[in-house]
>>> print(open('query.cif').read())   # mmCIF, C-alpha atoms and all ligand atoms
data_coords
loop_
_atom_site.label_atom_id
_atom_site.label_comp_id
_atom_site.auth_asym_id
_atom_site.auth_seq_id
_atom_site.Cartn_x
_atom_site.Cartn_y
_atom_site.Cartn_z
CA MET A 1 0.00 0.00 0.00
CA SER A 2 1.43 3.44 -0.85
CA THR A 3 2.17 6.09 1.75
CA LEU A 4 -0.22 9.01 1.68
CA ILE A 5 1.13 11.09 4.57
CA SER A 6 4.74 11.10 5.75
CA ILE A 7 6.04 13.29 8.59
CA ARG A 8 9.67 13.62 9.72
CA ASP A 9 10.89 15.86 12.55
CA LEU A 10 8.00 18.25 12.14
CA ARG A 11 7.92 21.26 14.43
CA PHE A 12 5.21 23.90 14.55
CA ALA A 13 4.61 26.83 16.92
CA TRP A 14 2.02 29.54 16.63
CA PRO A 15 3.72 32.99 16.65
CA GLY A 16 4.86 33.95 20.15
CA GLN A 17 3.98 30.52 21.61
CA GLN A 18 5.89 27.37 22.49
CA ALA A 19 5.88 24.55 19.96
CA ILE A 20 2.53 22.78 20.01
CA LEU A 21 3.57 20.05 17.56
CA GLN A 22 6.87 18.17 17.58
CA ILE A 23 6.40 14.95 15.65
CA PRO A 24 9.54 12.95 14.86
CA HIS A 25 7.95 10.35 12.65
CA PHE A 26 4.50 9.46 11.38
CA GLU A 27 3.21 7.69 8.31
CA LEU A 28 -0.27 6.96 7.06
CA ALA A 29 -0.95 4.51 4.24
CA ALA A 30 -3.39 5.32 1.45
CA GLY A 31 -6.86 3.97 2.15
CA GLU A 32 -6.61 4.13 5.96
CA ARG A 33 -9.24 5.68 8.20
CA LEU A 34 -7.36 7.52 10.91
CA PHE A 35 -8.94 8.75 14.14
CA ILE A 36 -6.96 11.47 15.94
CA LYS A 37 -7.81 12.10 19.57
CA GLY A 38 -6.49 14.41 22.24
CA PRO A 39 -7.66 16.93 24.80
CA SER A 40 -9.03 20.29 23.84
CA GLY A 41 -6.24 22.67 22.92
CA SER A 42 -3.68 19.91 22.31
CA GLY A 43 -3.23 20.88 18.66
CA LYS A 44 -5.47 18.52 16.68
CA SER A 45 -6.92 21.23 14.44
CA THR A 46 -3.45 22.72 14.09
CA LEU A 47 -2.18 19.39 12.73
CA LEU A 48 -5.11 19.20 10.31
CA GLY A 49 -4.27 22.74 9.16
CA LEU A 50 -0.70 21.63 8.43
CA LEU A 51 -1.89 18.53 6.56
CA ALA A 52 -4.15 20.75 4.47
CA GLY A 53 -1.35 23.24 3.83
CA ILE A 54 -3.24 26.07 5.51
CA GLN A 55 -0.36 26.53 7.95
CA GLN A 56 3.25 25.60 7.27
CA ALA A 57 5.71 23.77 9.55
CA ASN A 58 8.57 25.77 11.12
CA SER A 59 10.90 22.89 10.33
CA GLY A 60 10.90 19.26 9.23
CA GLN A 61 9.13 17.48 6.44
CA LEU A 62 5.41 16.96 5.87
CA LYS A 63 4.65 15.05 2.69
CA VAL A 64 1.16 14.45 1.39
CA LEU A 65 1.02 12.39 -1.81
CA ASP A 66 4.80 12.73 -1.99
CA ARG A 67 4.66 16.54 -2.10
CA ASP A 68 6.53 18.21 0.75
CA LEU A 69 4.10 20.90 1.87
CA SER A 70 6.80 22.50 4.00
CA ARG A 71 8.64 23.42 0.79
CA LEU A 72 5.72 24.76 -1.24
CA SER A 73 4.73 28.42 -1.50
CA GLY A 74 1.39 29.50 -0.05
CA ARG A 75 -0.05 29.65 -3.54
CA ALA A 76 1.17 26.16 -4.43
CA ARG A 77 -0.30 24.82 -1.18
CA ASP A 78 -3.66 26.46 -1.99
CA ARG A 79 -3.64 24.73 -5.36
CA PHE A 80 -2.60 21.42 -3.85
CA ARG A 81 -5.45 21.67 -1.31
CA ALA A 82 -8.03 22.52 -3.98
CA ASP A 83 -6.89 19.64 -6.20
CA HIS A 84 -6.25 16.80 -3.76
CA LEU A 85 -8.14 17.43 -0.52
CA GLY A 86 -11.67 17.58 0.78
CA TYR A 87 -12.20 19.26 4.16
CA ILE A 88 -15.21 18.93 6.46
CA PHE A 89 -15.02 21.76 8.98
CA GLN A 90 -16.43 21.60 12.48
CA GLN A 91 -18.86 24.43 11.67
CA PHE A 92 -19.20 23.18 8.07
CA ASN A 93 -18.37 26.63 6.53
CA LEU A 94 -21.16 26.35 3.97
CA LEU A 95 -22.31 29.35 1.94
CA PRO A 96 -25.71 29.94 3.60
CA PHE A 97 -27.63 31.53 0.72
CA LEU A 98 -26.40 29.22 -2.03
CA SER A 99 -28.40 26.09 -2.72
CA VAL A 100 -27.37 22.68 -1.47
CA THR A 101 -26.15 21.62 -4.92
CA GLU A 102 -24.27 24.89 -5.48
CA ASN A 103 -22.49 24.44 -2.16
CA VAL A 104 -21.36 20.97 -3.18
CA THR A 105 -20.15 22.02 -6.65
CA SER A 106 -18.35 25.06 -5.19
CA ALA A 107 -15.46 22.69 -4.37
CA LEU A 108 -14.84 22.34 -8.12
CA ILE A 109 -14.58 26.03 -8.95
CA PHE A 110 -10.87 26.30 -8.12
CA SER A 111 -9.83 22.86 -9.35
CA ARG A 112 -9.67 21.82 -12.97
CA HIS A 113 -8.03 18.65 -11.66
CA LYS A 114 -11.18 17.70 -9.71
CA ARG A 115 -13.45 18.73 -12.60
CA ARG A 116 -11.51 16.46 -14.97
CA LYS A 117 -12.03 13.48 -12.71
CA LEU A 118 -15.83 13.73 -12.86
CA GLN A 119 -17.59 11.11 -14.91
CA ALA A 120 -20.78 13.16 -15.15
CA SER A 121 -21.68 16.86 -15.02
CA ALA A 122 -20.82 18.68 -11.77
CA THR A 123 -24.50 18.89 -10.85
CA ALA A 124 -25.12 15.21 -11.60
CA GLU A 125 -22.13 14.21 -9.49
CA ALA A 126 -23.28 16.48 -6.63
CA GLU A 127 -26.72 14.89 -6.80
CA ARG A 128 -25.24 11.38 -6.80
CA LEU A 129 -23.28 12.16 -3.64
CA LEU A 130 -26.24 13.84 -1.93
CA ASN A 131 -28.30 10.80 -2.74
CA GLU A 132 -25.62 8.43 -1.37
CA LEU A 133 -25.46 10.55 1.78
CA GLN A 134 -29.24 10.24 2.07
CA LEU A 135 -30.19 13.89 1.76
CA PRO A 136 -33.75 14.07 0.36
CA SER A 137 -33.87 15.43 -3.20
CA ALA A 138 -36.56 17.97 -2.22
CA LEU A 139 -33.80 19.84 -0.37
CA TRP A 140 -31.24 20.00 -3.17
CA THR A 141 -32.41 23.37 -4.52
CA GLN A 142 -32.97 24.89 -1.07
CA PRO A 143 -30.55 27.44 0.40
CA VAL A 144 -28.49 25.58 3.01
CA HIS A 145 -29.47 27.92 5.86
CA LYS A 146 -32.90 26.28 5.76
CA LEU A 147 -31.45 22.84 6.56
CA SER A 148 -31.01 21.17 9.94
CA ILE A 149 -27.52 20.70 11.37
CA GLY A 150 -27.52 17.01 10.43
CA GLN A 151 -28.57 17.85 6.87
CA GLN A 152 -25.92 20.59 6.60
CA GLN A 153 -23.35 18.08 7.72
CA ARG A 154 -24.22 15.82 4.80
CA VAL A 155 -23.88 18.76 2.40
CA ALA A 156 -20.45 19.51 3.88
CA ALA A 157 -19.46 15.86 3.41
CA ALA A 158 -20.64 15.84 -0.23
CA ARG A 159 -18.65 19.04 -0.88
CA ALA A 160 -15.55 17.41 0.62
CA LEU A 161 -16.00 14.24 -1.45
CA ILE A 162 -16.78 15.69 -4.88
CA GLY A 163 -13.95 15.38 -7.42
CA LEU A 164 -12.48 12.23 -5.79
CA PRO A 165 -9.92 13.87 -3.48
CA GLU A 166 -7.16 11.49 -2.35
CA LEU A 167 -7.41 12.82 1.22
CA VAL A 168 -10.55 13.77 3.15
CA ILE A 169 -10.03 15.63 6.43
CA ALA A 170 -12.85 15.92 8.95
CA ASP A 171 -12.51 18.14 12.03
CA GLU A 172 -15.08 17.05 14.63
CA PRO A 173 -17.90 17.00 12.08
CA THR A 174 -20.23 15.03 14.35
CA SER A 175 -20.04 17.10 17.52
CA ALA A 176 -23.51 18.64 17.04
CA LEU A 177 -25.26 15.28 16.53
CA ASP A 178 -26.71 12.66 18.86
CA ALA A 179 -24.95 9.30 19.18
CA ASP A 180 -27.13 7.39 16.70
CA SER A 181 -26.83 10.10 14.04
CA ARG A 182 -23.05 10.21 14.53
CA ALA A 183 -22.57 6.51 13.86
CA ALA A 184 -24.92 6.63 10.86
CA PHE A 185 -23.08 9.61 9.39
CA ILE A 186 -19.71 7.93 9.83
CA GLU A 187 -20.93 4.79 8.11
CA LEU A 188 -22.02 6.87 5.12
CA LEU A 189 -18.74 8.76 5.09
CA PHE A 190 -16.74 5.50 5.21
CA ARG A 191 -18.78 4.00 2.41
CA GLU A 192 -18.18 6.95 0.12
CA CYS A 193 -14.49 7.19 1.01
CA SER A 194 -14.04 3.48 0.20
CA ARG A 195 -16.00 3.78 -3.00
CA GLN A 196 -13.77 6.55 -4.30
CA HIS A 197 -10.53 5.39 -2.64
CA SER A 198 -10.19 8.46 -0.43
CA THR A 199 -8.08 8.26 2.72
CA LEU A 200 -9.84 9.71 5.78
CA VAL A 201 -8.30 11.68 8.67
CA PHE A 202 -10.90 12.35 11.33
CA VAL A 203 -10.60 14.31 14.58
CA SER A 204 -13.04 13.78 17.42
CA HIS A 205 -13.39 13.90 21.19
CA ASP A 206 -15.87 11.02 21.15
CA PRO A 207 -14.20 7.75 22.27
CA ALA A 208 -17.29 5.78 21.20
CA LEU A 209 -16.29 6.36 17.57
CA GLU A 210 -12.74 4.98 17.92
CA PRO A 211 -13.53 1.31 17.22
CA LEU A 212 -14.97 2.24 13.84
CA PHE A 213 -11.55 3.38 12.55
CA SER A 214 -8.68 1.33 11.13
CA ARG A 215 -6.13 3.36 13.09
CA VAL A 216 -6.30 5.52 16.23
CA VAL A 217 -3.57 7.89 17.42
CA SER A 218 -3.51 10.40 20.23
CA LEU A 219 -1.76 13.64 19.66
CA SER A 220 0.21 13.26 22.89
CA GLU A 221 1.64 9.93 21.63
CA LEU A 222 2.72 11.56 18.41
CA ASN A 223 4.31 14.42 20.32
CA GLU A 224 5.71 12.34 23.19
CA HIS A 225 8.02 10.47 20.87
CA ALA A 226 9.72 13.79 20.28
CA ARG A 227 11.00 13.73 23.86
CA CYS A 228 12.42 10.18 23.69
N1 LIG A 301 -5.01 30.82 14.61
C1 LIG A 301 -4.31 30.68 15.75
N2 LIG A 301 -3.45 31.63 16.13
C2 LIG A 301 -2.70 31.50 17.26
N3 LIG A 301 -2.76 30.43 18.07
C3 LIG A 301 -3.60 29.45 17.75
C4 LIG A 301 -4.42 29.52 16.58
N4 LIG A 301 -5.16 28.40 16.50
C5 LIG A 301 -4.83 27.66 17.57
N5 LIG A 301 -3.90 28.28 18.32
C6 LIG A 301 -3.26 27.78 19.54
O1 LIG A 301 -3.02 26.39 19.40
C7 LIG A 301 -3.58 25.69 20.50
C8 LIG A 301 -4.19 24.39 19.96
O2 LIG A 301 -5.36 24.72 19.21
P1 LIG A 301 -6.09 23.62 18.31
O3 LIG A 301 -7.31 24.28 17.81
O4 LIG A 301 -5.13 23.07 17.33
O5 LIG A 301 -6.42 22.51 19.41
P2 LIG A 301 -7.46 21.31 19.34
O6 LIG A 301 -6.77 20.13 19.95
O7 LIG A 301 -7.97 21.14 17.95
O8 LIG A 301 -8.60 21.84 20.30
P3 LIG A 301 -10.19 21.50 20.30
O9 LIG A 301 -10.29 20.04 20.58
O10 LIG A 301 -10.68 22.35 21.43
O11 LIG A 301 -10.73 21.90 18.96
C9 LIG A 301 -4.60 26.62 21.16
O12 LIG A 301 -4.59 26.49 22.54
C10 LIG A 301 -4.10 27.99 20.78
O13 LIG A 301 -3.24 28.45 21.80
#
>>> encode(input="query.cif", output="structure tokens")
Amino acid sequence: MSTLISIRDLRFAWPGQQAILQIPHFELAAGERLFIKGPSGSGKSTLLGLLAGIQQANSGQLKVLDRDLSRLSGRARDRFRADHLGYIFQQFNLLPFLSVTENVTSALIFSRHKRRKLQASATAEAERLLNELQLPSALWTQPVHKLSIGQQQRVAAARALIGLPELVIADEPTSALDADSRAAFIELLFRECSRQHSTLVFVSHDPALEPLFSRVVSLSELNEHARC
């Protein structure tokens, strides 16, 4: 199995603060479903931001799909993110007055690479994903602000999945849902990730979700090795 994420001697500190991430070595194989846990404030979202190329390491190497994000310009990282990643944010970050379908296809606007991978029109592919994620078709033309939190979450997942990104990152996307809805959502997310061969990196505080994942790491373990 090929390596999707490779980290060596990564160090990251927010300006004026002590290093929050010091990770000597970490690798994730393509196709894995990784669960990252850790207390609030331990740096989970910061790590996701580095994996997505939103922030950049102070030193060390962080390769995603064999591209060292710590050596790319901000512009090149933006392009890399648009082409190869899907991101489900904790607060979803949907565009409230655009329709459900427009929100999903918005992920294609800045990526010819993702558009080229579609086997149908952008709208047809958005509708296929919304259908797979069990969002009723009557909602597809509605502005997203009219949807419930659970429905918005499915829109956010469809937006992250469209265009077959190699890596899907999800930052506590289930925190607003009850336990049954969380498990159901994760099953749907897994099914779509498997179907399109996307690797999943998922952050959550909920230990009940851990057994569903192929790999579980705590941020303190990743960081602790730095002190050995
Ligand atoms: N944009 C930022 N600018 C400066 N410091 C930041 C920024 N974002 C996060 N931090 C710092 O990094 C620390 C870790 O934040 P981060 O959001 O990565 O933690 P987390 O483990 O994801 O927390 P939670 O589980 O509560 O979401 C915070 O305590 C804060 O001090």
>>> residues_near_ligand(input="query.cif", ligand="ligand LIG 301 (chain A)", cutoff="12 Å", atoms="only C-alpha atoms and all ligand atoms", output="ChimeraX atom specification")
/A:12-21,36-50,54-55,89-91,170-173,175,202-206,218-220
>>> closest_atom_pairs(input="query.cif", of="range 113-158 of chain A", to="range 190-199 of chain A", cutoff="9 Å", atoms="all atoms listed in the file", output="CSV")
residue,atom,partner,partner_atom,distance
A:Leu129,CA,A:Glu192,CA,8.2
A:Glu132,CA,A:Glu192,CA,7.7
A:Leu133,CA,A:Glu192,CA,8.3
>>> residues_around(input="query.cif", residues="Asn93 in chain A", least_positions_apart="6", cutoff="12 Å", atoms="all atoms listed in the file", output="ChimeraX atom specification")
/A:87,103-104,106-107,144-145,149,152-153,155-157,159-160,171,173
>>> atom_distance(input="query.cif", atom1="CA of Asp66 in chain A", atom2="CA of His25 in chain A")
15.2 Å
>>> atom_distance(input="query.cif", atom1="CA of Leu95 in chain A", atom2="CA of Ala122 in chain A")
17.4 Å
>>> atom_distance(input="query.cif", atom1="CA of Asp180 in chain A", atom2="CA of Gly150 in chain A")
11.5 Å
>>> closest_residue(input="query.cif", among="A:Phe80, A:Trp140, A:Phe92, A:Phe26", to="Leu167 in chain A", atoms="all atoms listed in the file")
A:Phe80
>>> residues_around(input="query.cif", residues="Arg67 in chain A", least_positions_apart="2", cutoff="10 Å", atoms="all atoms listed in the file", output="list in words")
Leu4, Ile5, Ser6, Gln61, Leu62, Lys63, Val64, Leu65, Leu69, Ser70, Arg71, Leu72, Arg77 and Phe80 of chain A
>>> write_last_selection(input="query.cif", atoms="C-alpha atoms", output="compact mmCIF listing (two decimals), keeping the file's coordinate frame")
# COMPACT_ATOMS: atom_id res chain seq x y z
CA LEU A 4 -0.22 9.01 1.68
CA ILE A 5 1.13 11.09 4.57
CA SER A 6 4.74 11.10 5.75
CA GLN A 61 9.13 17.48 6.44
CA LEU A 62 5.41 16.96 5.87
CA LYS A 63 4.65 15.05 2.69
CA VAL A 64 1.16 14.45 1.39
CA LEU A 65 1.02 12.39 -1.81
CA LEU A 69 4.10 20.90 1.87
CA SER A 70 6.80 22.50 4.00
CA ARG A 71 8.64 23.42 0.79
CA LEU A 72 5.72 24.76 -1.24
CA ARG A 77 -0.30 24.82 -1.18
CA PHE A 80 -2.60 21.42 -3.85
>>> closest_residue(input="query.cif", among="A:Phe35, A:Val168, A:Leu51, A:Ala158", to="Pro211 in chain A", atoms="all atoms listed in the file")
A:Phe35
>>> residues_around(input="query.cif", residues="range 116-121 of chain A", least_positions_apart="3", cutoff="10 Å", atoms="only C-alpha atoms", output="VMD selection string")
chain A and resid 105 108 111 to 113 124 to 128 162 to 165
>>> closest_residue(input="query.cif", among="A:Glu210, A:Glu166, A:Asp178, A:Glu187", to="Leu85 in chain A", atoms="all atoms listed in the file")
A:Glu166
>>> decode(input="query.cif", residues="range 121-148 of chain A", atoms="N, CA and C atoms", output="PDB file, in the first residue's frame")
ATOM      1  N   SER A 121     -21.750  15.422 -15.228  1.00  0.00           N
ATOM      2  CA  SER A 121     -21.677  16.863 -15.018  1.00  0.00           C
ATOM      3  C   SER A 121     -21.503  17.120 -13.517  1.00  0.00           C
ATOM      4  N   ALA A 122     -21.035  18.333 -13.184  1.00  0.00           N
ATOM      5  CA  ALA A 122     -20.816  18.681 -11.773  1.00  0.00           C
ATOM      6  C   ALA A 122     -22.114  18.516 -10.978  1.00  0.00           C
ATOM      7  N   THR A 123     -23.224  18.981 -11.566  1.00  0.00           N
ATOM      8  CA  THR A 123     -24.503  18.886 -10.848  1.00  0.00           C
ATOM      9  C   THR A 123     -24.916  17.437 -10.667  1.00  0.00           C
ATOM     10  N   ALA A 124     -24.737  16.625 -11.711  1.00  0.00           N
ATOM     11  CA  ALA A 124     -25.115  15.212 -11.603  1.00  0.00           C
ATOM     12  C   ALA A 124     -24.274  14.508 -10.538  1.00  0.00           C
ATOM     13  N   GLU A 125     -22.994  14.847 -10.488  1.00  0.00           N
ATOM     14  CA  GLU A 125     -22.133  14.210  -9.487  1.00  0.00           C
ATOM     15  C   GLU A 125     -22.512  14.674  -8.072  1.00  0.00           C
ATOM     16  N   ALA A 126     -22.836  15.981  -7.940  1.00  0.00           N
ATOM     17  CA  ALA A 126     -23.284  16.482  -6.631  1.00  0.00           C
ATOM     18  C   ALA A 126     -24.546  15.740  -6.204  1.00  0.00           C
ATOM     19  N   GLU A 127     -25.453  15.559  -7.131  1.00  0.00           N
ATOM     20  CA  GLU A 127     -26.716  14.887  -6.796  1.00  0.00           C
ATOM     21  C   GLU A 127     -26.488  13.417  -6.449  1.00  0.00           C
ATOM     22  N   ARG A 128     -25.551  12.782  -7.128  1.00  0.00           N
ATOM     23  CA  ARG A 128     -25.236  11.381  -6.803  1.00  0.00           C
ATOM     24  C   ARG A 128     -24.742  11.279  -5.351  1.00  0.00           C
ATOM     25  N   LEU A 129     -23.829  12.200  -5.000  1.00  0.00           N
ATOM     26  CA  LEU A 129     -23.280  12.159  -3.639  1.00  0.00           C
ATOM     27  C   LEU A 129     -24.355  12.477  -2.599  1.00  0.00           C
ATOM     28  N   LEU A 130     -25.182  13.473  -2.883  1.00  0.00           N
ATOM     29  CA  LEU A 130     -26.240  13.839  -1.925  1.00  0.00           C
ATOM     30  C   LEU A 130     -27.203  12.676  -1.729  1.00  0.00           C
ATOM     31  N   ASN A 131     -27.447  11.975  -2.814  1.00  0.00           N
ATOM     32  CA  ASN A 131     -28.302  10.797  -2.744  1.00  0.00           C
ATOM     33  C   ASN A 131     -27.644   9.707  -1.894  1.00  0.00           C
ATOM     34  N   GLU A 132     -26.359   9.439  -2.147  1.00  0.00           N
ATOM     35  CA  GLU A 132     -25.624   8.431  -1.370  1.00  0.00           C
ATOM     36  C   GLU A 132     -25.604   8.796   0.118  1.00  0.00           C
ATOM     37  N   LEU A 133     -25.509  10.102   0.383  1.00  0.00           N
ATOM     38  CA  LEU A 133     -25.457  10.555   1.780  1.00  0.00           C
ATOM     39  C   LEU A 133     -26.862  10.745   2.365  1.00  0.00           C
ATOM     40  N   GLN A 134     -27.845  10.320   1.603  1.00  0.00           N
ATOM     41  CA  GLN A 134     -29.238  10.243   2.072  1.00  0.00           C
ATOM     42  C   GLN A 134     -29.832  11.608   2.429  1.00  0.00           C
ATOM     43  N   LEU A 135     -29.534  12.595   1.604  1.00  0.00           N
ATOM     44  CA  LEU A 135     -30.191  13.895   1.758  1.00  0.00           C
ATOM     45  C   LEU A 135     -31.358  13.948   0.769  1.00  0.00           C
ATOM     46  N   PRO A 136     -32.579  14.128   1.253  1.00  0.00           N
ATOM     47  CA  PRO A 136     -33.751  14.066   0.362  1.00  0.00           C
ATOM     48  C   PRO A 136     -33.650  15.062  -0.809  1.00  0.00           C
ATOM     49  N   SER A 137     -34.046  14.603  -1.995  1.00  0.00           N
ATOM     50  CA  SER A 137     -33.875  15.429  -3.198  1.00  0.00           C
ATOM     51  C   SER A 137     -34.688  16.720  -3.133  1.00  0.00           C
ATOM     52  N   ALA A 138     -35.757  16.736  -2.341  1.00  0.00           N
ATOM     53  CA  ALA A 138     -36.560  17.967  -2.219  1.00  0.00           C
ATOM     54  C   ALA A 138     -35.729  19.120  -1.647  1.00  0.00           C
ATOM     55  N   LEU A 139     -34.614  18.788  -0.990  1.00  0.00           N
ATOM     56  CA  LEU A 139     -33.804  19.843  -0.370  1.00  0.00           C
ATOM     57  C   LEU A 139     -32.701  20.365  -1.289  1.00  0.00           C
ATOM     58  N   TRP A 140     -32.434  19.694  -2.393  1.00  0.00           N
ATOM     59  CA  TRP A 140     -31.240  20.001  -3.170  1.00  0.00           C
ATOM     60  C   TRP A 140     -31.216  21.425  -3.724  1.00  0.00           C
ATOM     61  N   THR A 141     -32.391  21.993  -3.989  1.00  0.00           N
ATOM     62  CA  THR A 141     -32.411  23.368  -4.523  1.00  0.00           C
ATOM     63  C   THR A 141     -32.618  24.412  -3.419  1.00  0.00           C
ATOM     64  N   GLN A 142     -32.743  23.960  -2.193  1.00  0.00           N
ATOM     65  CA  GLN A 142     -32.973  24.894  -1.072  1.00  0.00           C
ATOM     66  C   GLN A 142     -31.663  25.582  -0.665  1.00  0.00           C
ATOM     67  N   PRO A 143     -31.757  26.841  -0.186  1.00  0.00           N
ATOM     68  CA  PRO A 143     -30.550  27.438   0.402  1.00  0.00           C
ATOM     69  C   PRO A 143     -30.183  26.672   1.680  1.00  0.00           C
ATOM     70  N   VAL A 144     -28.880  26.477   1.912  1.00  0.00           N
ATOM     71  CA  VAL A 144     -28.493  25.583   3.012  1.00  0.00           C
ATOM     72  C   VAL A 144     -28.900  26.101   4.386  1.00  0.00           C
ATOM     73  N   HIS A 145     -29.123  27.424   4.516  1.00  0.00           N
ATOM     74  CA  HIS A 145     -29.468  27.919   5.857  1.00  0.00           C
ATOM     75  C   HIS A 145     -30.829  27.391   6.314  1.00  0.00           C
ATOM     76  N   LYS A 146     -31.588  26.833   5.376  1.00  0.00           N
ATOM     77  CA  LYS A 146     -32.898  26.277   5.756  1.00  0.00           C
ATOM     78  C   LYS A 146     -32.790  24.828   6.249  1.00  0.00           C
ATOM     79  N   LEU A 147     -31.599  24.256   6.194  1.00  0.00           N
ATOM     80  CA  LEU A 147     -31.450  22.845   6.558  1.00  0.00           C
ATOM     81  C   LEU A 147     -31.096  22.674   8.031  1.00  0.00           C
ATOM     82  N   SER A 148     -31.414  21.489   8.565  1.00  0.00           N
ATOM     83  CA  SER A 148     -31.014  21.174   9.944  1.00  0.00           C
ATOM     84  C   SER A 148     -29.499  20.969   9.994  1.00  0.00           C
TER      85      SER A 148
END
